[in-house]
$ cat data-v3.cif   # mmCIF, C-alpha atoms
data_input
loop_
_atom_site.label_atom_id
_atom_site.label_comp_id
_atom_site.auth_asym_id
_atom_site.auth_seq_id
_atom_site.Cartn_x
_atom_site.Cartn_y
_atom_site.Cartn_z
CA MET T 159 -150.69 -37.48 108.40
CA MET T 160 -148.25 -35.46 110.47
CA ASP T 161 -146.89 -33.85 107.30
CA ASN T 162 -150.30 -32.70 106.18
CA LYS T 163 -151.68 -31.46 109.44
CA ASP T 164 -153.45 -28.14 109.41
CA SER T 165 -151.37 -25.08 110.15
CA LYS T 166 -152.60 -23.20 113.19
CA CYS T 167 -150.55 -20.05 112.72
CA VAL T 168 -149.06 -18.11 109.81
CA VAL T 169 -145.98 -16.08 110.77
CA TRP T 170 -145.38 -13.19 108.41
CA ASP T 171 -142.18 -11.37 107.56
CA LEU T 172 -142.75 -7.66 106.81
CA ASP T 173 -140.21 -6.07 104.41
CA GLY T 174 -140.51 -7.62 100.96
CA THR T 175 -143.25 -9.98 102.13
CA LEU T 176 -146.23 -8.18 103.63
CA TRP T 177 -145.29 -4.99 101.85
CA ASP T 178 -142.97 -4.14 98.99
CA GLY T 179 -139.71 -2.47 99.94
CA VAL T 180 -137.84 -1.84 103.16
CA LEU T 181 -139.64 0.27 105.74
CA LEU T 182 -136.55 1.88 107.30
CA GLU T 183 -135.39 3.03 103.86
CA ASP T 184 -138.76 4.15 102.58
CA ASP T 185 -141.61 5.11 104.85
CA THR T 186 -144.12 5.05 101.99
CA VAL T 187 -144.07 1.26 101.50
CA GLU T 188 -147.26 -0.23 100.10
CA LEU T 189 -148.95 -3.51 100.96
CA ARG T 190 -148.57 -6.15 98.29
CA SER T 191 -151.76 -6.49 96.34
CA GLY T 192 -154.40 -8.71 97.87
CA ILE T 193 -152.57 -9.05 101.20
CA LYS T 194 -155.38 -7.59 103.24
CA ASN T 195 -157.86 -10.03 101.80
CA ILE T 196 -155.52 -12.94 102.52
CA ILE T 197 -155.07 -11.88 106.13
CA GLN T 198 -158.79 -11.39 106.67
CA THR T 199 -159.63 -14.70 105.05
CA LEU T 200 -157.11 -16.59 107.18
CA GLU T 201 -158.62 -14.91 110.22
CA GLN T 202 -162.07 -16.11 109.23
CA ARG T 203 -160.73 -19.63 108.86
CA GLY T 204 -159.59 -19.52 112.47
CA ILE T 205 -155.90 -19.48 111.59
CA LEU T 206 -153.82 -17.32 113.89
CA GLN T 207 -151.28 -14.87 112.50
CA SER T 208 -148.14 -13.33 113.86
CA ILE T 209 -145.06 -11.47 112.70
CA ALA T 210 -141.35 -12.26 112.73
CA SER T 211 -139.54 -9.27 111.29
CA LYS T 212 -136.12 -7.74 111.67
CA ASN T 213 -137.20 -4.19 112.01
CA ASP T 214 -137.65 -1.25 114.32
CA TYR T 215 -140.57 -2.24 116.53
CA ASP T 216 -142.21 1.17 116.83
CA ALA T 217 -141.87 2.08 113.17
CA ALA T 218 -143.16 -1.30 112.01
CA MET T 219 -146.13 -1.32 114.40
CA ARG T 220 -147.03 2.23 113.38
CA LYS T 221 -147.07 1.15 109.75
CA ILE T 222 -149.17 -1.91 110.50
CA ARG T 223 -151.64 0.30 112.37
CA ASP T 224 -151.73 2.68 109.38
CA PHE T 225 -152.74 -0.31 107.26
CA GLU T 226 -155.38 -1.21 109.89
CA LEU T 227 -153.93 -4.68 110.26
CA ASP T 228 -152.65 -4.50 113.84
CA GLU T 229 -155.63 -6.32 115.34
CA TYR T 230 -154.90 -9.45 113.30
CA PHE T 231 -151.45 -10.23 114.67
CA LEU T 232 -150.85 -12.00 117.95
CA CYS T 233 -147.55 -11.73 119.83
CA PRO T 234 -145.65 -10.00 117.00
CA GLU T 235 -141.87 -10.39 117.26
CA ILE T 236 -140.26 -7.35 115.71
CA SER T 237 -136.61 -6.98 116.72
CA TRP T 238 -133.12 -7.66 115.45
CA ASN T 239 -133.07 -11.19 116.85
CA ALA T 240 -132.63 -14.30 114.76
CA LYS T 241 -136.01 -15.31 113.34
CA SER T 242 -135.63 -18.79 114.76
CA LEU T 243 -135.70 -17.17 118.19
CA SER T 244 -138.65 -14.92 117.32
CA ILE T 245 -140.61 -17.93 116.11
CA ALA T 246 -139.68 -19.91 119.21
CA LYS T 247 -141.16 -17.08 121.31
CA ILE T 248 -144.34 -16.96 119.22
CA ARG T 249 -144.69 -20.73 119.51
CA ALA T 250 -144.33 -20.58 123.28
CA ASN T 251 -146.73 -17.66 123.64
CA LEU T 252 -149.42 -19.38 121.61
CA ASN T 253 -148.67 -22.81 123.09
CA ILE T 254 -148.78 -24.58 119.73
CA SER T 255 -146.33 -26.99 118.15
CA MET T 256 -143.61 -25.98 115.71
CA ASP T 257 -144.98 -28.18 112.93
CA SER T 258 -148.26 -26.29 113.02
CA ILE T 259 -146.56 -23.00 112.09
CA LEU T 260 -146.26 -21.73 108.54
CA PHE T 261 -143.55 -19.10 108.02
CA ILE T 262 -143.55 -16.80 105.01
CA ASP T 263 -140.49 -14.71 104.15
CA ASP T 264 -138.84 -13.35 101.00
CA GLU T 265 -135.27 -14.18 102.04
CA ALA T 266 -134.03 -17.72 101.39
CA TYR T 267 -131.39 -17.42 104.10
CA GLU T 268 -134.09 -16.68 106.68
CA HIS T 269 -135.83 -19.91 105.66
CA ASP T 270 -132.53 -21.75 106.11
CA GLU T 271 -131.81 -20.16 109.47
CA VAL T 272 -135.29 -20.93 110.80
CA ARG T 273 -135.24 -24.48 109.45
CA SER T 274 -131.79 -25.16 110.89
CA VAL T 275 -133.28 -24.66 114.36
CA HIS T 276 -136.86 -25.79 113.72
CA PRO T 277 -136.71 -28.50 111.04
CA LYS T 278 -140.46 -29.20 111.26
CA ILE T 279 -141.63 -25.74 110.33
CA LEU T 280 -143.19 -25.13 106.92
CA CYS T 281 -141.53 -22.25 105.02
CA ILE T 282 -143.18 -20.50 102.08
CA LYS T 283 -141.46 -18.06 99.74
CA ALA T 284 -142.95 -14.59 99.77
CA CYS T 285 -143.29 -14.63 95.98
CA ASP T 286 -145.83 -17.43 96.41
CA TYR T 287 -147.97 -15.41 98.82
CA ASP T 288 -150.93 -15.34 96.46
CA THR T 289 -151.15 -19.16 96.65
CA LEU T 290 -151.54 -19.13 100.43
CA LEU T 291 -155.32 -19.28 100.51
CA ALA T 292 -155.29 -22.39 98.34
CA HIS T 293 -152.66 -24.14 100.45
CA PRO T 294 -154.05 -27.46 101.73
CA ARG T 295 -152.75 -26.84 105.23
CA LEU T 296 -154.59 -23.54 105.43
CA ASN T 297 -157.96 -25.03 104.53
CA PRO T 298 -159.44 -26.65 107.61
CA ARG T 299 -162.32 -28.97 106.84
CA PHE T 300 -164.73 -27.08 109.06
CA ILE T 301 -164.97 -23.54 110.24
CA THR T 302 -166.53 -23.66 113.70
CA GLU T 303 -167.75 -21.03 116.08
CA ASP T 304 -164.62 -21.73 118.08
CA SER T 305 -162.32 -21.27 115.12
CA ILE T 306 -163.83 -17.91 114.19
CA ARG T 307 -163.37 -16.74 117.76
CA ARG T 308 -159.90 -18.22 118.10
CA ARG T 309 -157.85 -15.02 117.91
CA ARG T 310 -160.19 -13.27 120.31
CA MET T 311 -159.78 -16.19 122.69
CA TYR T 312 -155.99 -15.95 122.54
CA LEU T 313 -156.21 -12.25 123.30
CA GLU T 314 -158.40 -13.00 126.31
CA GLN T 315 -155.82 -15.60 127.24
CA GLN T 316 -153.14 -12.93 127.24
CA GLU T 317 -155.27 -10.71 129.47
CA ARG T 318 -155.57 -13.66 131.82
CA LYS T 319 -151.82 -14.19 131.78
CA ILE T 320 -151.11 -10.57 132.59
CA ALA T 321 -153.69 -10.64 135.37
CA GLU T 322 -152.04 -13.77 136.76
CA GLU T 323 -148.58 -12.20 136.70
CA GLU T 324 -149.89 -9.14 138.48
CA PHE T 325 -151.85 -11.13 141.00
CA ALA T 326 -149.89 -11.30 144.21
CA GLY T 327 -151.95 -13.82 146.17
CA PRO T 328 -151.93 -17.61 145.99
CA ARG T 329 -152.68 -19.39 142.74
CA ASP T 330 -156.04 -20.75 143.80
CA GLU T 331 -157.19 -17.25 144.68
CA PHE T 332 -156.19 -16.14 141.22
CA LEU T 333 -158.10 -19.06 139.69
CA ALA T 334 -161.10 -18.16 141.82
CA SER T 335 -160.87 -14.57 140.59
CA LEU T 336 -161.41 -15.83 137.02
CA GLN T 337 -164.96 -16.90 137.98
CA MET T 338 -164.78 -19.93 135.72
CA ARG T 339 -167.97 -21.71 134.78
CA LEU T 340 -167.63 -25.14 133.26
CA ASN T 341 -170.59 -26.68 131.54
CA ILE T 342 -170.63 -30.41 130.86
CA GLY T 343 -173.29 -31.97 128.68
CA GLU T 344 -174.05 -34.51 126.03
CA ALA T 345 -173.05 -33.45 122.55
CA THR T 346 -175.70 -32.40 120.08
CA GLU T 347 -175.48 -32.22 116.30
CA ASN T 348 -174.31 -28.60 116.69
CA ASP T 349 -171.24 -29.67 118.64
CA LEU T 350 -169.94 -32.20 116.16
CA ARG T 351 -167.83 -29.97 113.96
CA ARG T 352 -166.04 -28.58 116.94
CA ALA T 353 -165.75 -32.12 118.32
CA GLU T 354 -164.09 -33.29 115.12
CA GLU T 355 -161.84 -30.25 115.23
CA LEU T 356 -160.80 -31.08 118.79
CA THR T 357 -159.80 -34.61 117.79
CA ILE T 358 -157.66 -33.17 115.00
CA ARG T 359 -156.09 -30.22 116.79
CA THR T 360 -155.39 -31.53 120.27
CA HIS T 361 -152.31 -33.61 120.92
CA GLN T 362 -150.99 -33.32 124.47
CA LEU T 363 -154.10 -34.08 126.46
CA ASN T 364 -155.45 -36.66 124.06
CA THR T 365 -155.77 -40.27 125.14
CA THR T 366 -155.44 -42.03 121.80
CA GLY T 367 -154.65 -39.51 119.07
CA LYS T 368 -157.44 -41.12 117.06
CA THR T 369 -159.41 -38.67 114.96
CA TYR T 370 -163.12 -39.07 114.36
CA ASP T 371 -164.96 -37.40 111.56
CA TYR T 372 -168.35 -35.80 111.64
CA ASP T 373 -170.26 -38.89 110.52
CA GLU T 374 -168.60 -41.17 113.06
CA LEU T 375 -169.31 -38.69 115.85
CA SER T 376 -172.85 -38.27 114.63
CA ALA T 377 -173.35 -42.03 114.87
CA PHE T 378 -172.12 -41.97 118.48
CA ILE T 379 -174.67 -39.41 119.62
CA LYS T 380 -177.42 -41.54 118.14
CA SER T 381 -176.12 -44.79 119.58
CA PRO T 382 -177.60 -45.90 122.91
CA GLN T 383 -174.34 -47.69 123.66
CA HIS T 384 -172.33 -44.50 123.49
CA LYS T 385 -172.20 -41.22 125.22
CA LEU T 386 -170.40 -38.27 123.73
CA VAL T 387 -169.79 -35.50 126.22
CA VAL T 388 -168.51 -32.00 125.55
CA CYS T 389 -167.53 -29.36 128.04
CA GLU T 390 -167.32 -25.66 127.54
CA LEU T 391 -165.70 -23.00 129.63
CA GLN T 392 -166.51 -19.40 130.31
CA ASP T 393 -164.78 -16.96 132.60
CA ARG T 394 -164.79 -13.28 133.30
CA TYR T 395 -162.57 -12.60 130.30
CA GLY T 396 -164.94 -14.28 127.91
CA TYR T 397 -166.09 -17.49 126.33
CA GLN T 398 -163.30 -20.04 126.13
CA GLY T 399 -165.27 -22.32 123.89
CA LYS T 400 -165.72 -26.05 123.86
CA ILE T 401 -162.54 -27.28 125.38
CA GLY T 402 -163.08 -30.92 126.22
CA LEU T 403 -164.54 -34.06 124.72
CA ALA T 404 -165.16 -37.53 126.12
CA LEU T 405 -166.46 -40.59 124.32
CA VAL T 406 -167.78 -43.33 126.59
CA GLU T 407 -168.90 -46.76 125.44
CA ILE T 408 -171.52 -48.23 127.72
CA ASP T 409 -171.51 -51.96 128.34
CA ARG T 410 -173.57 -54.03 130.73
CA ASP T 411 -171.09 -53.77 133.58
CA CYS T 412 -168.51 -51.34 132.33
CA HIS T 413 -168.08 -47.79 131.10
CA HIS T 414 -165.27 -47.69 128.61
CA LEU T 415 -163.66 -44.33 127.97
CA LYS T 416 -162.65 -44.55 124.32
CA LEU T 417 -161.38 -41.02 123.97
CA LEU T 418 -160.71 -38.07 126.23
CA ILE T 419 -159.46 -34.75 124.95
CA ILE T 420 -158.80 -31.49 126.74
CA SER T 421 -157.60 -28.44 124.85
CA CYS T 422 -154.04 -27.50 125.85
CA ARG T 423 -155.21 -23.90 125.93
CA VAL T 424 -156.93 -24.41 129.27
CA MET T 425 -154.39 -26.70 130.89
CA SER T 426 -152.92 -23.91 133.00
CA LEU T 427 -156.36 -23.15 134.44
CA GLY T 428 -156.45 -26.40 136.34
CA VAL T 429 -159.63 -27.64 134.70
CA GLY T 430 -157.95 -30.53 132.91
CA THR T 431 -159.20 -33.29 135.15
CA VAL T 432 -162.74 -32.10 135.76
CA LEU T 433 -164.10 -33.95 132.75
CA LEU T 434 -162.20 -37.06 133.80
CA SER T 435 -163.61 -36.82 137.32
CA TYR T 436 -167.07 -36.43 135.81
CA VAL T 437 -166.67 -39.62 133.79
CA MET T 438 -165.40 -41.44 136.90
CA ASN T 439 -168.35 -40.22 138.96
CA GLU T 440 -170.84 -41.28 136.30
CA ALA T 441 -169.46 -44.81 136.28
CA LYS T 442 -169.32 -45.03 140.04
CA GLN T 443 -172.88 -43.78 140.53
CA ARG T 444 -174.13 -46.52 138.24
CA GLY T 445 -172.06 -49.19 139.86
CA LYS T 446 -170.07 -49.79 136.69
CA LYS T 447 -166.41 -50.50 136.20
CA LEU T 448 -164.42 -47.86 134.39
CA ARG T 449 -161.92 -48.71 131.72
CA ALA T 450 -160.04 -46.39 129.39
CA ASP T 451 -158.13 -46.76 126.15
CA PHE T 452 -154.76 -45.17 125.85
CA LYS T 453 -152.23 -45.06 123.06
CA HIS T 454 -148.83 -43.41 123.23
CA THR T 455 -148.52 -40.98 120.33
CA GLY T 456 -145.19 -39.45 121.22
CA ARG T 457 -146.90 -36.24 122.26
CA ASN T 458 -149.51 -37.24 124.77
CA ARG T 459 -147.42 -38.14 127.80
CA PRO T 460 -149.23 -35.39 129.79
CA MET T 461 -152.43 -37.39 129.31
CA TYR T 462 -150.76 -40.61 130.40
CA ILE T 463 -149.45 -38.89 133.53
CA THR T 464 -152.93 -37.52 134.20
CA PHE T 465 -154.45 -41.01 133.96
CA LYS T 466 -151.87 -42.63 136.19
CA MET T 467 -152.04 -39.87 138.78
CA SER T 468 -155.82 -40.25 138.79
CA ASN T 469 -155.32 -43.84 139.92
CA PHE T 470 -155.79 -45.61 136.60
CA LYS T 471 -153.80 -48.82 136.32
CA GLU T 472 -152.83 -50.71 133.21
CA VAL T 473 -154.75 -53.96 132.83
CA VAL T 474 -154.01 -55.00 129.30
CA ALA T 475 -150.71 -54.19 127.68
CA SER T 476 -150.70 -55.55 124.16
CA PRO T 477 -147.48 -55.74 122.17
CA GLY T 478 -148.39 -52.60 120.24
CA ASP T 479 -148.98 -49.22 121.78
CA ASP T 480 -152.60 -49.86 122.67
CA ILE T 481 -153.14 -49.87 126.38
CA VAL T 482 -156.26 -50.43 128.44
CA LEU T 483 -156.39 -48.93 131.90
CA GLU T 484 -158.82 -49.57 134.68
CA ASN T 485 -159.82 -47.48 137.64
CA ASP T 486 -161.30 -49.03 140.78
CA LEU T 487 -162.97 -45.67 141.51
CA SER T 488 -161.84 -45.79 145.12
CA PHE T 489 -160.48 -42.30 144.77
CA ILE T 490 -162.00 -39.69 142.48
CA PRO T 491 -160.27 -36.32 142.34
CA PRO T 492 -162.81 -33.79 143.62
CA TYR T 493 -163.94 -30.91 141.44
CA PRO T 494 -161.86 -27.78 141.99
CA PRO T 495 -163.47 -25.43 144.49
CA TYR T 496 -162.64 -22.38 142.39
CA LEU T 497 -164.97 -23.13 139.51
CA GLU T 498 -168.68 -23.47 139.08
CA LEU T 499 -169.74 -26.67 137.39
CA SER T 500 -173.05 -27.31 135.72
CA VAL T 501 -174.13 -30.55 134.10
CA HIS T 502 -176.80 -30.81 131.44
CA ASN T 503 -177.90 -34.27 130.50
CA ARG T 504 -180.69 -34.13 128.02
CA SER T 505 -181.16 -37.84 127.66
CA ARG T 506 -179.40 -39.21 130.67
CA GLU T 507 -182.20 -41.66 131.31
CA SER T 508 -182.35 -43.13 127.88
CA SER T 509 -178.68 -43.30 127.12
CA TYR T 510 -177.60 -44.76 130.39
CA ASP T 511 -180.37 -46.64 132.00
CA ARG T 512 -182.86 -47.82 129.44
CA LEU T 513 -180.93 -49.88 126.98
CA ARG T 514 -183.84 -51.62 125.33
CA PRO T 515 -183.28 -52.97 121.85
CA ASN T 516 -184.74 -50.95 118.99
CA GLN T 517 -184.89 -47.90 121.14
CA ARG T 518 -183.56 -44.76 119.52
CA ILE T 519 -182.66 -41.79 121.56
CA CYS T 520 -184.61 -38.78 120.54
CA GLN T 521 -182.24 -35.98 119.65
CA GLU T 522 -183.34 -32.40 119.59
CA MET O 123 -131.07 -27.80 150.41
CA THR O 124 -131.66 -31.52 150.62
CA ASP O 125 -133.63 -33.39 147.98
CA LEU O 126 -136.55 -33.53 150.38
CA ASP O 127 -136.45 -29.75 150.85
CA ARG O 128 -136.56 -29.21 147.13
CA ILE O 129 -139.52 -31.57 146.74
CA ARG O 130 -141.38 -29.97 149.64
CA GLU O 131 -140.72 -26.52 148.22
CA PHE O 132 -142.08 -27.53 144.84
CA VAL O 133 -145.21 -29.18 146.18
CA LYS O 134 -145.94 -26.26 148.50
CA SER O 135 -145.68 -23.67 145.79
CA ASN O 136 -147.61 -25.58 143.13
CA LEU O 137 -150.30 -27.59 144.86
CA THR O 138 -153.70 -25.96 145.16
CA LEU O 139 -154.86 -26.80 148.66
CA PHE O 140 -158.52 -27.45 149.36
CA ASP O 141 -158.39 -25.56 152.62
CA GLU O 142 -156.29 -22.53 153.23
CA GLY O 143 -153.89 -22.65 156.10
CA VAL O 144 -153.83 -26.42 156.58
CA SER O 145 -150.57 -27.56 158.03
CA PHE O 146 -148.68 -29.63 155.58
CA GLY O 147 -146.46 -32.50 156.70
CA ASP O 148 -144.07 -34.64 154.71
CA ASP O 149 -146.20 -37.72 155.29
CA ASP O 150 -149.54 -36.13 154.43
CA ASN O 151 -151.26 -37.45 151.34
CA ILE O 152 -151.13 -34.66 148.78
CA PHE O 153 -153.99 -36.19 146.82
CA GLU O 154 -156.22 -35.70 149.84
CA LEU O 155 -154.90 -32.27 150.78
CA GLY O 156 -155.00 -30.60 147.44
CA LEU O 157 -155.99 -30.70 143.87
CA VAL O 158 -153.83 -32.97 141.76
CA ASP O 159 -155.07 -32.03 138.32
CA SER O 160 -153.27 -32.60 135.03
CA LEU O 161 -151.34 -29.39 135.35
CA PHE O 162 -149.94 -30.22 138.76
CA ALA O 163 -149.32 -33.89 137.92
CA VAL O 164 -147.42 -33.05 134.75
CA GLN O 165 -145.48 -30.26 136.43
CA LEU O 166 -144.54 -32.57 139.29
CA VAL O 167 -143.29 -35.34 137.03
CA LEU O 168 -141.32 -32.94 134.84
CA PHE O 169 -139.91 -31.24 137.93
CA ILE O 170 -138.67 -34.50 139.41
CA GLU O 171 -137.17 -35.64 136.12
CA GLY O 172 -135.44 -32.33 135.52
CA GLU O 173 -134.38 -31.49 139.04
CA PHE O 174 -132.88 -34.90 139.83
CA ASP O 175 -131.93 -35.89 136.29
CA ILE O 176 -133.91 -39.12 136.24
CA ASP O 177 -136.31 -40.69 133.77
CA ILE O 178 -139.56 -41.92 135.22
CA LEU O 179 -140.85 -45.07 133.54
CA ASP O 180 -144.53 -45.61 132.75
CA SER O 181 -144.61 -48.44 135.26
CA GLU O 182 -143.33 -46.10 137.97
CA LEU O 183 -146.02 -43.49 137.39
CA ASN O 184 -148.29 -44.58 140.21
CA ILE O 185 -150.04 -42.62 142.88
CA ASP O 186 -148.15 -44.64 145.48
CA ASN O 187 -144.81 -43.20 144.43
CA PHE O 188 -146.08 -39.63 144.57
CA SER O 189 -148.63 -39.58 147.36
CA SER O 190 -146.58 -37.55 149.82
CA VAL O 191 -143.41 -35.51 150.03
CA SER O 192 -141.61 -38.34 151.80
CA ARG O 193 -142.83 -40.96 149.32
CA ILE O 194 -141.55 -38.84 146.46
CA GLY O 195 -138.28 -38.48 148.37
CA GLU O 196 -137.95 -42.25 148.72
CA PHE O 197 -138.74 -42.73 145.08
CA VAL O 198 -136.10 -40.19 144.02
CA LYS O 199 -133.55 -41.82 146.32
CA MET O 200 -134.33 -45.24 144.82
CA LYS O 201 -134.00 -43.88 141.28
CA LYS O 202 -130.71 -42.15 141.97
CA SER O 203 -129.04 -45.13 143.59
#

$ encode --input "data-v3.cif" --output "structure tokens"
Amino acid sequence: MMDNKDSKCVVWDLDGTLWDGVLLEDDTVELRSGIKNIIQTLEQRGILQSIASKNDYDAAMRKIRDFELDEYFLCPEISWNAKSLSIAKIRANLNISMDSILFIDDEAYEHDEVRSVHPKILCIKACDYDTLLAHPRLNPRFITEDSIRRRRMYLEQQERKIAEEEFAGPRDEFLASLQMRLNIGEATENDLRRAEELTIRTHQLNTTGKTYDYDELSAFIKSPQHKLVVCELQDRYGYQGKIGLALVEIDRDCHHLKLLIISCRVMSLGVGTVLLSYVMNEAKQRGKKLRADFKHTGRNRPMYITFKMSNFKEVVASPGDDIVLENDLSFIPPYPPYLELSVHNRSRESSYDRLRPNQRICQE
Amino acid sequence: MTDLDRIREFVKSNLTLFDEGVSFGDDDNIFELGLVDSLFAVQLVLFIEGEFDIDILDSELNIDNFSSVSRIGEFVKMKKS
């Protein structure tokens, strides 16, 4: 599974890969045939793209602008540094994992150098560039509204970062200046592709690492015993998209949080626990117990820390990695004062309170 | 700088307080004073592990060990001994 996960970013070399020839020797280099179409198609699939090239920054960027490709590349690393270092910087800037990067370069020794530092990265030879679009890791199952907007959202993220660095006041004043609006509501059919995508793409703030496909999620929104909640975020830089997902199983005396996912992209905005607080409040208001599944995946310790620091305690520790936690709801972290929260529950009544047999919830 | 100073420094500069200008004592409950969201919680745990070169076990990740600057100090002292 790990070996076949979707690539989130393609990192391009320039000389001999994106274009034929060496720019500093010949200023009239031409793009390899079909490159533009490949780049635009990857963009439409929601796959980010960047550059790791040993080159003169100004000359290379000028050329890329001449080709009208500059808008497609995030955080390009064009310098004389080792490419392993360039890729490490790109990875950090985009906050993605090394094994979700695909690196394409014409020089075998660059592949070796990069792999010697980042063994998990996928390297593709430049001569195979025309097979990229057919590569299984570059063909996500769904293209969602969020994936199409992904590069735009990263750019807005960079604007946010710059604003934060320039902001002299305290951090909460900066967060307040973002004018964040978080909208929490029950998932509809329209949310399911993005919901599936979240279960596949999100690893750090993910309680179980379990992926659910469209049909499974669709069954949950129709089930009166389940509640599937999505949250989306907007701020003054733009629409951040659907960034959180919670699946709650509703029993007679207990709400059981089967899955909680928050996109790592928004972790630095301090909104990570809002959805969790919401789930806690819902259980408390109805006088239910709250339990939560957790499974260590090797990458989701941040989620475990979040649970434990939100006063969840382990109740069942089975020999495997499956853990059940319980929260006595005596302390619920309040919602952050610097964001505006709105809650839309279309069928709150039916899904929570009227659990009559044979009753189907009417979906829009 | 003592261990306690370093902890206090970290909490002060990273915790988002609910009210500006509240005085902030070593025994005050940081969960009541400010917003302990995932970002802060993860940063705090990683800070303690890195700064004092200790590994925090799952069973030690409890609010009780981290509820105030002095509780964190006691926990660090216990781990280092």

$ residues_near_point --input "data-v3.cif" --point "(-156.6, -18.3, 121.6)" --cutoff "10 Å" --atoms "only C-alpha atoms" --output "PDB file with C-alpha atoms, in the coordinates of the input"
ATOM      1  CA  GLY T 204    -159.590 -19.520 112.470  1.00  0.00           C
ATOM      2  CA  LEU T 206    -153.820 -17.320 113.890  1.00  0.00           C
ATOM      3  CA  LEU T 232    -150.850 -12.000 117.950  1.00  0.00           C
ATOM      4  CA  LEU T 252    -149.420 -19.380 121.610  1.00  0.00           C
ATOM      5  CA  ASN T 253    -148.670 -22.810 123.090  1.00  0.00           C
ATOM      6  CA  ASP T 304    -164.620 -21.730 118.080  1.00  0.00           C
ATOM      7  CA  SER T 305    -162.320 -21.270 115.120  1.00  0.00           C
ATOM      8  CA  ARG T 307    -163.370 -16.740 117.760  1.00  0.00           C
ATOM      9  CA  ARG T 308    -159.900 -18.220 118.100  1.00  0.00           C
ATOM     10  CA  ARG T 309    -157.850 -15.020 117.910  1.00  0.00           C
ATOM     11  CA  ARG T 310    -160.190 -13.270 120.310  1.00  0.00           C
ATOM     12  CA  MET T 311    -159.780 -16.190 122.690  1.00  0.00           C
ATOM     13  CA  TYR T 312    -155.990 -15.950 122.540  1.00  0.00           C
ATOM     14  CA  LEU T 313    -156.210 -12.250 123.300  1.00  0.00           C
ATOM     15  CA  GLU T 314    -158.400 -13.000 126.310  1.00  0.00           C
ATOM     16  CA  GLN T 315    -155.820 -15.600 127.240  1.00  0.00           C
ATOM     17  CA  GLN T 316    -153.140 -12.930 127.240  1.00  0.00           C
ATOM     18  CA  GLN T 398    -163.300 -20.040 126.130  1.00  0.00           C
ATOM     19  CA  GLY T 399    -165.270 -22.320 123.890  1.00  0.00           C
ATOM     20  CA  ARG T 423    -155.210 -23.900 125.930  1.00  0.00           C
ATOM     21  CA  VAL T 424    -156.930 -24.410 129.270  1.00  0.00           C
TER      22      VAL T 424
END

$ closest_atom_pairs --input "data-v3.cif" --of "chain T" --to "chain O" --cutoff "10 Å" --atoms "all atoms listed in the file" --output "Markdown table"
| residue | atom | partner | partner_atom | distance |
| --- | --- | --- | --- | --- |
| T:Pro328 | CA | O:Thr138 | CA | 8.6 |
| T:Arg329 | CA | O:Thr138 | CA | 7.1 |
| T:Asp330 | CA | O:Thr138 | CA | 5.9 |
| T:Glu331 | CA | O:Thr138 | CA | 9.4 |
| T:Leu333 | CA | O:Thr138 | CA | 9.8 |
| T:Leu363 | CA | O:Ser160 | CA | 8.7 |
| T:Val424 | CA | O:Leu161 | CA | 9.6 |
| T:Met425 | CA | O:Leu161 | CA | 6.0 |
| T:Ser426 | CA | O:Leu161 | CA | 6.2 |
| T:Leu427 | CA | O:Leu161 | CA | 8.1 |
| T:Gly428 | CA | O:Leu161 | CA | 6.0 |
| T:Val429 | CA | O:Asp159 | CA | 7.3 |
| T:Gly430 | CA | O:Ser160 | CA | 5.5 |
| T:Thr431 | CA | O:Asp159 | CA | 5.4 |
| T:Val432 | CA | O:Asp159 | CA | 8.1 |
| T:Leu434 | CA | O:Asp159 | CA | 9.8 |
| T:Ser435 | CA | O:Asp159 | CA | 9.8 |
| T:Arg459 | CA | O:Val164 | CA | 8.6 |
| T:Pro460 | CA | O:Val164 | CA | 5.8 |
| T:Met461 | CA | O:Ser160 | CA | 7.5 |
| T:Tyr462 | CA | O:Asp180 | CA | 8.3 |
| T:Ile463 | CA | O:Val164 | CA | 6.3 |
| T:Thr464 | CA | O:Ser160 | CA | 5.0 |
| T:Phe465 | CA | O:Ser160 | CA | 8.6 |
| T:Lys466 | CA | O:Asn184 | CA | 5.7 |
| T:Met467 | CA | O:Ile185 | CA | 5.3 |
| T:Ser468 | CA | O:Ile185 | CA | 7.5 |
| T:Asn469 | CA | O:Ile185 | CA | 6.2 |
| T:Phe470 | CA | O:Asn184 | CA | 8.4 |
| T:Lys471 | CA | O:Asn184 | CA | 8.0 |
| T:Glu472 | CA | O:Ser181 | CA | 8.8 |
| T:Phe489 | CA | O:Phe153 | CA | 9.1 |
| T:Ile490 | CA | O:Phe153 | CA | 9.8 |
| T:Pro491 | CA | O:Leu157 | CA | 7.2 |
| T:Pro492 | CA | O:Leu157 | CA | 7.5 |
| T:Tyr493 | CA | O:Leu157 | CA | 8.3 |
| T:Pro494 | CA | O:Leu157 | CA | 6.8 |
| T:Pro495 | CA | O:Phe140 | CA | 7.2 |
| T:Tyr496 | CA | O:Phe140 | CA | 9.6 |

$ residues_near_point --input "data-v3.cif" --point "(-174.3, -36.9, 121.6)" --cutoff "7 Å" --atoms "all atoms listed in the file" --output "list of chain:residue names"
T:Glu344, T:Ala345, T:Thr346, T:Phe378, T:Ile379, T:Lys380, T:Lys385, T:Leu386, T:Val387

$ atom_distance --input "data-v3.cif" --atom1 "atom CA of Ile259 of chain T" --atom2 "atom CA of Tyr287 of chain T"
15.4 Å

$ residues_around --input "data-v3.cif" --residues "segment 218-221 of chain T" --least-positions-apart "3" --cutoff "10 Å" --atoms "only C-alpha atoms" --output "ChimeraX atom specification"
/T:172-173,181-182,185-188,211-215,224-228,234,236-237
